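Asker: I am attaching a structure below and will ask some questions about it afterwards.
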Amino acid sequence: MSKLNSTLNKRKIFDILYQVFAITLGLFVILPIIYAALISFMPANQILRRPPTFIPKKWILDNYKLAINTTTLGRFMWNSLILAGISSVVRVITAAMAAFAFSFYKFKGRNLIFMLFMGTIMIPGDIVLVTNYQTVARMGLINTYMGMMIVFLCSAANIFMMRQYFLTFSLTIKEAATVDGCSNLRFFLQILLPLSTPVMTTIFISAFIGTWNTYLWPMLVTNDNRMRTVQVGVTMLNFPDGVVYGPVMAASILVLLPTVLIFLFFQRKIVSGIMGGAVKG
Amino acid sequence: MRANQLMRKKKPVSKVVEPFLYLLPAIIFFILFTYYPFIKTAISSLFMVDSMGRSKAFVGLENFIRVLSSPAFLISIKNTFIYMLLSAPVSIFIALILALVAHKKTRSSRISETLFALTMAMSMSVSAMIFKLAYNPTIGALNFILGTRINWLNSSEWAMVAISMISVWMGIGFNFLFLLAAIFGISPELLESASIDGARMYRKTVSIILPMISPTLFFLIITSMAKNMMMSGLVLIFTNSGSLSTTANVETMISYMYKQAVNNLNYNDAYAAAMVAFVLTFIMMLISFRFEKKGVFYN
């Protein structure tokens, strides 16, 4: 009896130690974020001290005040929000429309068009960057939201995911709806889409994080400071000499906050999104 | 079965056009922003192009010969390969260890899983800014922790390693989630039977988990390597924020292409560099598809 108790106790202690170990390891993984957060509360003279110290002697908000008041960080955030928000919504719409055609219609060339769509996955955006820039410049979209968003409005991977989801519905629900006098468009808008909110949320969230974090394209098509996104802006912040790092770290923390919060909030959805792209169910 | 249900009597024109209306936005998009620019890039790489981007004269492979004999581009290929070989494998190795730690369910699993996955939410620019401070030779954390005095971003040996480390870190979250899902995909009976047999943790790992997830591992490594072939963001961030004394140490194929096109208006070299990068990436992707066919987990 006491032997059983002691093994149970041992197991309990092992269990607790294991949890402590796992969480310590986790904190170690996010060490760079913790580092940035600590520096962002540190007075400038302490940041410049050698050897470096990591715990602020005095916890101050000056860096945040500087980052918010002397830069256009708010404007950058707003631009990123428009870019990420609108293009993700549009991406869900284009994916849903295309997936609807692929999974509920039979028409000539369906497989060919589908293959051509999926083929775009093989062509990385960076390869066509220069030509797309020329196209967008010719359309007069430099320094506009439309120019920033336009290359993110549709994604073959999202169409694929949506189609996989639609294929789980039996065609009979559409037949039934048609018999009841429901047009295809009404079926799409009022029956299919409401039933597909889980996959649409997943696509929206992953698209949002992706476009919020994108750097190269928004940098390429904007040269007006007021049109910069936060990812481009944060690398170009100018502060007086000597106080550079504190406010930059404060700005970095402010910039990563939205995506980290979204991630924490929707972790399960995002995970199923990743797996949806990888696992063909 | 599905196809039969769809096969019906002759349809009126409006019915024939209908599916294409739903496809129209995507068709226009893919033609305008993927196929047209791709074909134009491929064709232009065989022409002499002026600084306005207009094709002048057919020159065959001349652009490729010039680019591939330019030391700057060859160095960028070398740097790209260093980055590719360093970042994905190291990141996946770390993620594998984390996934092995996380596959044992405890009461605080959700917390440690979230911490392990959190780097997924990090953007390239913010990560670059944080590591830039950590890499600072005098006040940065890295030299202090390692007890070194390396000027990470400006040393010819370490600059590419320093950039790869950022990508290693950023990739941990995604790779972790992927591998954790693969481990959870192993049938529980298989793992259970191992623990009943009294097989210890590491034996279970070596004899059951690793072989079972090895297709996923290879798939992850190869697809990440193909993706990393396109890396340019980190290099351009450091170039643009003026933290490099010379960019030759870290130039990649795409950052080379970018600078030729945007800074020098030299579209000849830019298009040829883009096509070289494409062919190399395409080869990587073909290899990755072979791995995928061989059996990444299918639920």
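Ordered as shown in the structure tokens, chains take letters A, B, and onward, while each chain numbers its residues from 1 and ligands are numbered from 1 in the order shown.
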Pull out every residue of chain B that has at least one atom within 6 Å of chain A, counting only C-alpha atoms, and report them as number ranges by chain.
Answerer: B: 6, 19, 22-23, 37-38, 112, 115-116, 121, 123, 125-126, 139, 241, 274, 298-299
Asker: Would you list the contacts of Ala72 of chain B as a PDB file with N, CA and C atoms, in the first residue's frame, taking every protein, DNA or RNA residue within 10 Å and counting only C-alpha atoms, but skipping same-chain residues closer than 2 positions in sequence?
Answerer:
```
ATOM      1  N   VAL B  67      24.883  36.936 -66.337  1.00  0.00           N
ATOM      2  CA  VAL B  67      24.532  36.880 -64.912  1.00  0.00           C
ATOM      3  C   VAL B  67      25.285  35.751 -64.215  1.00  0.00           C
ATOM      4  N   LEU B  68      25.330  34.593 -64.885  1.00  0.00           N
ATOM      5  CA  LEU B  68      25.967  33.437 -64.244  1.00  0.00           C
ATOM      6  C   LEU B  68      27.485  33.548 -64.216  1.00  0.00           C
ATOM      7  N   SER B  69      28.037  34.524 -64.957  1.00  0.00           N
ATOM      8  CA  SER B  69      29.487  34.714 -64.831  1.00  0.00           C
ATOM      9  C   SER B  69      29.804  35.953 -64.007  1.00  0.00           C
ATOM     10  N   SER B  70      28.748  36.585 -63.456  1.00  0.00           N
ATOM     11  CA  SER B  70      29.012  37.738 -62.600  1.00  0.00           C
ATOM     12  C   SER B  70      29.285  37.265 -61.175  1.00  0.00           C
ATOM     13  N   LEU B  74      26.982  35.012 -58.442  1.00  0.00           N
ATOM     14  CA  LEU B  74      27.431  33.696 -57.956  1.00  0.00           C
ATOM     15  C   LEU B  74      27.510  33.681 -56.431  1.00  0.00           C
ATOM     16  N   ILE B  75      28.007  34.792 -55.859  1.00  0.00           N
ATOM     17  CA  ILE B  75      28.041  34.872 -54.392  1.00  0.00           C
ATOM     18  C   ILE B  75      26.634  34.813 -53.830  1.00  0.00           C
ATOM     19  N   SER B  76      25.694  35.474 -54.530  1.00  0.00           N
ATOM     20  CA  SER B  76      24.317  35.459 -54.024  1.00  0.00           C
ATOM     21  C   SER B  76      23.733  34.045 -54.075  1.00  0.00           C
ATOM     22  N   ILE B  77      24.115  33.268 -55.084  1.00  0.00           N
ATOM     23  CA  ILE B  77      23.653  31.864 -55.121  1.00  0.00           C
ATOM     24  C   ILE B  77      24.247  31.111 -53.938  1.00  0.00           C
ATOM     25  N   LYS B  78      25.550  31.332 -53.714  1.00  0.00           N
ATOM     26  CA  LYS B  78      26.208  30.654 -52.588  1.00  0.00           C
ATOM     27  C   LYS B  78      25.522  31.027 -51.266  1.00  0.00           C
ATOM     28  N   ALA B 248      27.390  42.406 -49.673  1.00  0.00           N
ATOM     29  CA  ALA B 248      27.872  41.238 -50.412  1.00  0.00           C
ATOM     30  C   ALA B 248      27.814  39.972 -49.573  1.00  0.00           C
ATOM     31  N   GLU B 251      23.820  38.983 -49.641  1.00  0.00           N
ATOM     32  CA  GLU B 251      22.973  39.062 -50.835  1.00  0.00           C
ATOM     33  C   GLU B 251      22.453  37.681 -51.217  1.00  0.00           C
ATOM     34  N   THR B 252      21.124  37.585 -51.486  1.00  0.00           N
ATOM     35  CA  THR B 252      20.577  36.329 -51.982  1.00  0.00           C
ATOM     36  C   THR B 252      20.132  36.522 -53.435  1.00  0.00           C
ATOM     37  N   MET B 253      19.721  35.426 -54.076  1.00  0.00           N
ATOM     38  CA  MET B 253      19.334  35.523 -55.488  1.00  0.00           C
ATOM     39  C   MET B 253      18.236  36.557 -55.703  1.00  0.00           C
ATOM     40  N   TYR B 256      19.275  40.120 -54.961  1.00  0.00           N
ATOM     41  CA  TYR B 256      20.074  40.566 -56.115  1.00  0.00           C
ATOM     42  C   TYR B 256      19.148  41.016 -57.239  1.00  0.00           C
TER      43      TYR B 256
END
```
Asker: Can you list, as a PDB file with N, CA and C atoms, in the first residue's frame, every protein, DNA or RNA residue that comes within 6 Å of Ser88 of chain A when you count only C-alpha atoms, leaving out same-chain residues fewer than 5 positions away?
Answerer:
```
ATOM      1  N   PHE A 204      -9.585  33.438 -43.362  1.00  0.00           N
ATOM      2  CA  PHE A 204      -9.472  34.866 -43.062  1.00  0.00           C
ATOM      3  C   PHE A 204      -8.329  35.134 -42.085  1.00  0.00           C
ATOM      4  N   ALA A 207      -4.911  34.487 -43.605  1.00  0.00           N
ATOM      5  CA  ALA A 207      -4.621  35.522 -44.598  1.00  0.00           C
ATOM      6  C   ALA A 207      -4.305  36.840 -43.906  1.00  0.00           C
ATOM      7  N   PHE A 208      -5.033  37.126 -42.829  1.00  0.00           N
ATOM      8  CA  PHE A 208      -4.819  38.380 -42.115  1.00  0.00           C
ATOM      9  C   PHE A 208      -3.410  38.431 -41.532  1.00  0.00           C
TER      10      PHE A 208
END
```
Asker: If DSSP is run on the backbone, what residues of segment 232-263 of chain A are helix (DSSP H, G or I)? A reply as a PyMOL selection string would be ideal.
Answerer: chain A and resi 232-234+245-263
Asker: Next, dump the selected residues to file, keeping only N, CA and C atoms, as a tab-separated table (two decimals), in the first residue's frame.
Answerer:
```
chain	number	residue	atom	x	y	z
A	232	VAL	N	6.87	47.91	-42.95
A	232	VAL	CA	7.89	48.70	-43.64
A	232	VAL	C	8.31	49.85	-42.74
A	233	GLY	N	7.31	50.48	-42.11
A	233	GLY	CA	7.57	51.64	-41.28
A	233	GLY	C	8.48	51.34	-40.11
A	234	VAL	N	8.29	50.20	-39.48
A	234	VAL	CA	9.03	49.91	-38.26
A	234	VAL	C	10.53	49.75	-38.54
A	245	TYR	N	17.33	52.44	-29.67
A	245	TYR	CA	16.83	51.08	-29.48
A	245	TYR	C	15.57	50.99	-28.62
A	246	GLY	N	15.49	51.80	-27.59
A	246	GLY	CA	14.32	51.74	-26.72
A	246	GLY	C	13.02	51.93	-27.49
A	247	PRO	N	12.88	53.08	-28.17
A	247	PRO	CA	11.64	53.30	-28.92
A	247	PRO	C	11.42	52.28	-30.04
A	248	VAL	N	12.50	51.81	-30.67
A	248	VAL	CA	12.32	50.81	-31.73
A	248	VAL	C	11.75	49.52	-31.14
A	249	MET	N	12.26	49.13	-29.96
A	249	MET	CA	11.71	47.94	-29.31
A	249	MET	C	10.27	48.18	-28.88
A	250	ALA	N	9.99	49.38	-28.37
A	250	ALA	CA	8.60	49.69	-27.99
A	250	ALA	C	7.70	49.59	-29.21
A	251	ALA	N	8.15	50.16	-30.33
A	251	ALA	CA	7.36	50.09	-31.56
A	251	ALA	C	7.19	48.65	-32.00
A	252	SER	N	8.26	47.86	-31.89
A	252	SER	CA	8.17	46.45	-32.30
A	252	SER	C	7.12	45.70	-31.48
A	253	ILE	N	7.14	45.97	-30.16
A	253	ILE	CA	6.15	45.30	-29.30
A	253	ILE	C	4.74	45.70	-29.72
A	254	LEU	N	4.55	47.00	-30.00
A	254	LEU	CA	3.22	47.46	-30.41
A	254	LEU	C	2.80	46.80	-31.72
A	255	VAL	N	3.78	46.60	-32.63
A	255	VAL	CA	3.45	46.03	-33.94
A	255	VAL	C	3.13	44.54	-33.84
A	256	LEU	N	3.83	43.84	-32.94
A	256	LEU	CA	3.57	42.40	-32.90
A	256	LEU	C	2.37	42.06	-32.04
A	257	LEU	N	1.92	43.04	-31.24
A	257	LEU	CA	0.77	42.78	-30.36
A	257	LEU	C	-0.48	42.28	-31.10
A	258	PRO	N	-0.92	42.96	-32.17
A	258	PRO	CA	-2.16	42.48	-32.83
A	258	PRO	C	-2.06	41.04	-33.30
A	259	THR	N	-0.98	40.67	-33.99
A	259	THR	CA	-0.91	39.30	-34.51
A	259	THR	C	-0.77	38.28	-33.37
A	260	VAL	N	-0.02	38.65	-32.33
A	260	VAL	CA	0.12	37.70	-31.21
A	260	VAL	C	-1.24	37.49	-30.54
A	261	LEU	N	-1.99	38.59	-30.36
A	261	LEU	CA	-3.31	38.45	-29.74
A	261	LEU	C	-4.23	37.60	-30.60
A	262	ILE	N	-4.23	37.88	-31.91
A	262	ILE	CA	-5.06	37.08	-32.82
A	262	ILE	C	-4.64	35.62	-32.73
A	263	PHE	N	-3.34	35.41	-32.70
A	263	PHE	CA	-2.84	34.03	-32.64
A	263	PHE	C	-3.32	33.34	-31.36
```
